[in-house]
Amino acid sequence: MSFINYASQEINCKIVYYGPGLAGKTTNITYIYDTANPKNKGKLISLNTEMDRTLFFDFLPIDLGTIGGFKTRFHLYTVPGQVFYEASRKLILKGADGVVFVADSHPDRVDANHESLRDLKENLKEYGYEMQTIPYVLQLNKRDVTGALPIEELTKDLAVRDEPVFEAVAVTGRGVQETLKSVARQVFTILRKDME
Amino acid sequence: MSAKRLDQLPNFVLREDENEKILFVLSSIQSKCKAETVALINRNGQEIATHGQVEGLDVQSLASLAAGTVAATHGLARTIGEKEFQIIFHEGEARSIHITAVGSEAILVLLIAKKDNRAIDPTSLKRASMILQDILKKTVGTP
């Protein structure tokens, strides 16, 4: 549900990076922040614990072009991945226009990926979203770890429909921009249809 | 709740006449409560309208964090049997933040210099909250 403001000629959209703890959600947002044109980005806010784990959310506003003369501002959020922050994840997901699921390619994180994906599906459903139609991207992160599970296996395991799937190594930036562009493109498609 | 396609969920559309009405209310509140800045924010953390001093103020961060504060204290309120706190007040050394719920979809944020903390007028804020709810009801979609 985007916010279309005729007075300021702006459209605000919300993208949420979801996934298990330590999968690289914050690393995605940090890379986007570090590489974005300063004119197009706001401040990066990170609400972390002392151990640098996301406590509540990371937030980054970023401008991604115009539609019909309206400046489009994407608000990128991450959720805390650790299991016990379920309530926070649900709150942050409210009003999302698109979701990126950041999966961990490490073989030890298979169960964590499943649990987080199940949690995402349940929370989306509670907010009235349908997983089959929401702008959605699957990012397979940490492709550089030793013993990373094969792409085909992870995709078969975690894909929920025919969503775009990207390999990523977020710490080096590999796959990060492609992921954002892909989910933004899907949101733009819906917005254009709404504004016709 | 039954699941809907995302493109069937209405966007929130704010038109210029509604924006002007909102700014009028914010201006009135700013004056009555001697606030430096007054901002109307949706519960998703997006700024709807702001009135007052904005120079040097990161309104987007303010909006996101104020909405986050309200969301986070929601659970706290429920532990004492409250649905939510209608007012949240953060007192700083020089400036304070006063947050008022505006229905279930928005919040009103006042930035106040410490010397003016006592100028906050709960009756005016309550009335403003009701007027803003009415205006938002007439907008397209949900904020």
# chains A, B, ... in the order shown; residues from 1 in each chain; ligands from 1
call {"tool": "closest_atom_pairs", "arguments": {"of": "chain A", "to": "chain B", "cutoff": "6 Å", "atoms": "only C-alpha atoms", "output": "tab-separated table"}}
result
residue	atom	partner	partner_atom	distance
A:Met1	CA	B:Asn11	CA	4.5
A:Ser2	CA	B:Asn11	CA	4.9
A:Phe3	CA	B:Phe12	CA	4.7
A:Ile4	CA	B:Val13	CA	4.7
A:Asn5	CA	B:Leu14	CA	4.8
A:Tyr6	CA	B:Arg15	CA	5.0
A:Ala7	CA	B:Glu16	CA	4.8
A:Gly95	CA	B:Asn44	CA	6.0
A:Lys125	CA	B:Ala3	CA	6.0
A:Gly128	CA	B:Ala3	CA	4.4
A:Tyr129	CA	B:Ala3	CA	5.4
A:Glu130	CA	B:Ala3	CA	5.4
A:Thr133	CA	B:Arg5	CA	5.8
A:Ile134	CA	B:Leu6	CA	5.5
call {"tool": "write_last_selection", "arguments": {"atoms": "N, CA, C and O atoms", "output": "CSV table (one decimal), in the first residue's frame"}}
result
chain,number,residue,atom,x,y,z
A,1,MET,N,0.8,-1.2,0.0
A,1,MET,CA,0.0,0.0,0.0
A,1,MET,C,0.9,1.2,0.0
A,1,MET,O,1.3,1.7,1.0
A,2,SER,N,1.1,1.8,-1.2
A,2,SER,CA,2.0,2.9,-1.2
A,2,SER,C,1.3,4.2,-0.8
A,2,SER,O,0.0,4.2,-0.8
A,3,PHE,N,2.0,5.2,-0.4
A,3,PHE,CA,1.5,6.5,0.0
A,3,PHE,C,1.7,7.5,-1.1
A,3,PHE,O,2.9,7.9,-1.4
A,4,ILE,N,0.7,7.9,-1.8
A,4,ILE,CA,0.8,8.8,-3.0
A,4,ILE,C,0.4,10.2,-2.5
A,4,ILE,O,-0.7,10.4,-2.1
A,5,ASN,N,1.4,11.1,-2.4
A,5,ASN,CA,1.2,12.4,-1.9
A,5,ASN,C,1.2,13.4,-3.1
A,5,ASN,O,2.2,13.8,-3.6
A,6,TYR,N,0.0,13.9,-3.4
A,6,TYR,CA,-0.2,14.9,-4.5
A,6,TYR,C,0.4,16.2,-4.2
A,6,TYR,O,0.8,17.0,-5.0
A,7,ALA,N,0.4,16.6,-2.9
A,7,ALA,CA,0.9,17.9,-2.4
A,7,ALA,C,2.4,18.0,-2.6
A,7,ALA,O,2.9,19.0,-3.1
A,95,GLY,N,2.1,-2.7,6.1
A,95,GLY,CA,2.2,-1.7,5.1
A,95,GLY,C,3.3,-1.9,4.0
A,95,GLY,O,3.5,-1.1,3.2
A,125,LYS,N,0.1,-13.3,5.7
A,125,LYS,CA,-1.3,-13.7,5.6
A,125,LYS,C,-2.2,-12.9,6.6
A,125,LYS,O,-3.3,-12.5,6.3
A,128,GLY,N,-3.2,-9.7,5.4
A,128,GLY,CA,-4.1,-9.7,4.2
A,128,GLY,C,-3.3,-9.8,2.9
A,128,GLY,O,-3.9,-9.5,1.9
A,129,TYR,N,-2.0,-10.0,3.0
A,129,TYR,CA,-1.3,-10.1,1.7
A,129,TYR,C,-1.3,-11.6,1.2
A,129,TYR,O,-1.5,-12.5,2.0
A,130,GLU,N,-1.2,-11.7,-0.1
A,130,GLU,CA,-1.1,-13.0,-0.7
A,130,GLU,C,0.3,-13.2,-1.2
A,130,GLU,O,0.8,-12.4,-2.0
A,133,THR,N,1.2,-13.0,-4.9
A,133,THR,CA,1.2,-11.8,-5.8
A,133,THR,C,1.9,-10.6,-5.3
A,133,THR,O,2.1,-9.6,-6.0
A,134,ILE,N,2.4,-10.6,-4.0
A,134,ILE,CA,3.1,-9.5,-3.5
A,134,ILE,C,4.5,-9.4,-4.2
A,134,ILE,O,5.1,-10.4,-4.5
call {"tool": "residues_around", "arguments": {"residues": "Ser129 in chain B", "least_positions_apart": "4", "cutoff": "8 Å", "atoms": "only C-alpha atoms", "output": "list in words"}}
result
Thr100, Ala101, Val102, Gly103, Leu108, Leu125 and Gln133 of chain B
call {"tool": "write_last_selection", "arguments": {"atoms": "C-alpha atoms", "output": "mmCIF file, in the first residue's frame"}}
result
data_model
loop_
_atom_site.group_PDB
_atom_site.id
_atom_site.type_symbol
_atom_site.label_atom_id
_atom_site.label_comp_id
_atom_site.auth_asym_id
_atom_site.auth_seq_id
_atom_site.Cartn_x
_atom_site.Cartn_y
_atom_site.Cartn_z
ATOM 1 C CA THR B 100 -0.483 11.390 20.339
ATOM 2 C CA ALA B 101 -2.416 8.568 18.681
ATOM 3 C CA VAL B 102 -4.619 9.667 15.777
ATOM 4 C CA GLY B 103 -7.069 6.798 15.443
ATOM 5 C CA LEU B 108 0.784 13.228 15.785
ATOM 6 C CA LEU B 125 -4.551 17.721 21.097
ATOM 7 C CA GLN B 133 -9.120 11.304 11.925
#
call {"tool": "closest_residue", "arguments": {"among": "A:Arg73, A:Leu140, A:Leu124, A:Ala87", "to": "Gly175 in chain A", "atoms": "only C-alpha atoms"}}
result
A:Leu140
call {"tool": "closest_residue", "arguments": {"among": "A:Val137, A:Asp34, A:Arg192, A:Val102", "to": "Val165 in chain A", "atoms": "only C-alpha atoms"}}
result
A:Val137
call {"tool": "residues_around", "arguments": {"residues": "range 41-49 of chain A", "least_positions_apart": "4", "cutoff": "7 Å", "atoms": "only C-alpha atoms", "output": "list of chain:residue names"}}
result
A:Tyr33, A:Ala36, A:Asn37, A:Arg53, A:Thr54, A:Leu55, A:Phe56, A:Phe57, A:Asp58, A:Phe59, A:Leu60, A:Pro61, A:Ile62, A:Asp63
call {"tool": "write_last_selection", "arguments": {"atoms": "C-alpha atoms", "output": "PDB file, in the first residue's frame"}}
result
ATOM      1  CA  TYR A  33      23.628   3.024   1.708  1.00  0.00           C
ATOM      2  CA  ALA A  36      24.015   5.260  -3.185  1.00  0.00           C
ATOM      3  CA  ASN A  37      24.365   8.786  -4.490  1.00  0.00           C
ATOM      4  CA  ARG A  53      22.542  -7.807  15.974  1.00  0.00           C
ATOM      5  CA  THR A  54      19.459  -5.987  14.755  1.00  0.00           C
ATOM      6  CA  LEU A  55      17.271  -5.242  17.765  1.00  0.00           C
ATOM      7  CA  PHE A  56      14.287  -3.607  16.105  1.00  0.00           C
ATOM      8  CA  PHE A  57      14.994  -2.516  12.534  1.00  0.00           C
ATOM      9  CA  ASP A  58      17.351  -0.867  10.095  1.00  0.00           C
ATOM     10  CA  PHE A  59      15.847   1.925   8.045  1.00  0.00           C
ATOM     11  CA  LEU A  60      17.102   3.587   4.879  1.00  0.00           C
ATOM     12  CA  PRO A  61      15.086   5.998   2.718  1.00  0.00           C
ATOM     13  CA  ILE A  62      16.282   6.059  -0.890  1.00  0.00           C
ATOM     14  CA  ASP A  63      14.965   7.760  -4.038  1.00  0.00           C
TER      15      ASP A  63
END
call {"tool": "residues_around", "arguments": {"residues": "Gly147 in chain A", "least_positions_apart": "4", "cutoff": "12 Å", "atoms": "only C-alpha atoms", "output": "list of chain:residue names"}}
result
A:Asp104, A:Ser105, A:His106, A:Pro107, A:Asp108, A:Arg109, A:Lys142, A:Arg143, A:Ile151
call {"tool": "write_last_selection", "arguments": {"atoms": "C-alpha atoms", "output": "CSV table (one decimal), in the first residue's frame"}}
result
chain,number,residue,atom,x,y,z
A,104,ASP,CA,21.6,-18.1,4.1
A,105,SER,CA,23.4,-20.5,1.7
A,106,HIS,CA,25.3,-22.2,4.6
A,107,PRO,CA,24.2,-25.9,4.9
A,108,ASP,CA,23.8,-25.5,8.7
A,109,ARG,CA,21.1,-22.8,8.1
A,142,LYS,CA,26.6,-16.0,1.3
A,143,ARG,CA,27.4,-17.8,-1.9
A,151,ILE,CA,21.6,-22.9,-6.2
call {"tool": "select_by_dssp", "arguments": {"residues": "chain B", "states": "alpha helix (DSSP H)", "output": "VMD selection string"}}
result
chain B and resid 16 to 33 59 to 79 122 to 138
call {"tool": "select_by_dssp", "arguments": {"residues": "chain B", "states": "strand (DSSP E or B)", "output": "ChimeraX atom specification"}}
result
/B:4,12-14,37-42,47-52,87-91,95-102,106-113,140
call {"tool": "closest_residue", "arguments": {"among": "A:Thr78, A:Thr172, A:Asp144, A:Asn40", "to": "Val99 in chain A", "atoms": "only C-alpha atoms"}}
result
A:Thr78
call {"tool": "closest_residue", "arguments": {"among": "A:Leu120, A:Val83, A:Ala23, A:Val187", "to": "Asn141 in chain A", "atoms": "only C-alpha atoms"}}
result
A:Ala23
call {"tool": "residues_around", "arguments": {"residues": "Ala119 in chain B", "least_positions_apart": "6", "cutoff": "8 Å", "atoms": "only C-alpha atoms", "output": "PyMOL selection string"}}
result
chain B and resi 32-34
call {"tool": "write_last_selection", "arguments": {"atoms": "N, CA and C atoms", "output": "mmCIF file, in the first residue's frame"}}
result
data_model
loop_
_atom_site.group_PDB
_atom_site.id
_atom_site.type_symbol
_atom_site.label_atom_id
_atom_site.label_comp_id
_atom_site.auth_asym_id
_atom_site.auth_seq_id
_atom_site.Cartn_x
_atom_site.Cartn_y
_atom_site.Cartn_z
ATOM 1 N N LYS B 32 -1.050 26.565 19.603
ATOM 2 C CA LYS B 32 -1.639 26.354 20.936
ATOM 3 C C LYS B 32 -0.665 25.696 21.905
ATOM 4 N N CYS B 33 0.149 24.786 21.404
ATOM 5 C CA CYS B 33 1.052 24.033 22.289
ATOM 6 C C CYS B 33 2.478 24.585 22.273
ATOM 7 N N LYS B 34 2.670 25.682 21.567
ATOM 8 C CA LYS B 34 4.005 26.297 21.446
ATOM 9 C C LYS B 34 5.056 25.281 20.976
#
call {"tool": "atom_distance", "arguments": {"atom1": "CA of Val171 in chain A", "atom2": "CA of Ile29 in chain A"}}
result
10.4 Å
call {"tool": "closest_residue", "arguments": {"among": "A:Gly68, A:Ser182, A:Pro38, A:Val176", "to": "Thr26 in chain A", "atoms": "only C-alpha atoms"}}
result
A:Val176
call {"tool": "atom_distance", "arguments": {"atom1": "CA of Leu117 in chain A", "atom2": "CA of Asp97 in chain A"}}
result
17.5 Å
call {"tool": "atom_distance", "arguments": {"atom1": "CA of Gln132 in chain A", "atom2": "CA of Val100 in chain A"}}
result
13.6 Å
call {"tool": "residues_around", "arguments": {"residues": "Asn123 in chain A", "least_positions_apart": "3", "cutoff": "8 Å", "atoms": "only C-alpha atoms", "output": "count of residues only"}}
result
6
call {"tool": "residues_around", "arguments": {"residues": "Ile97 in chain B", "least_positions_apart": "3", "cutoff": "8 Å", "atoms": "only C-alpha atoms", "output": "list in words"}}
result
Phe89, His90, Glu91, Gly92, Val109, Leu110, Leu111 and Ile112 of chain B
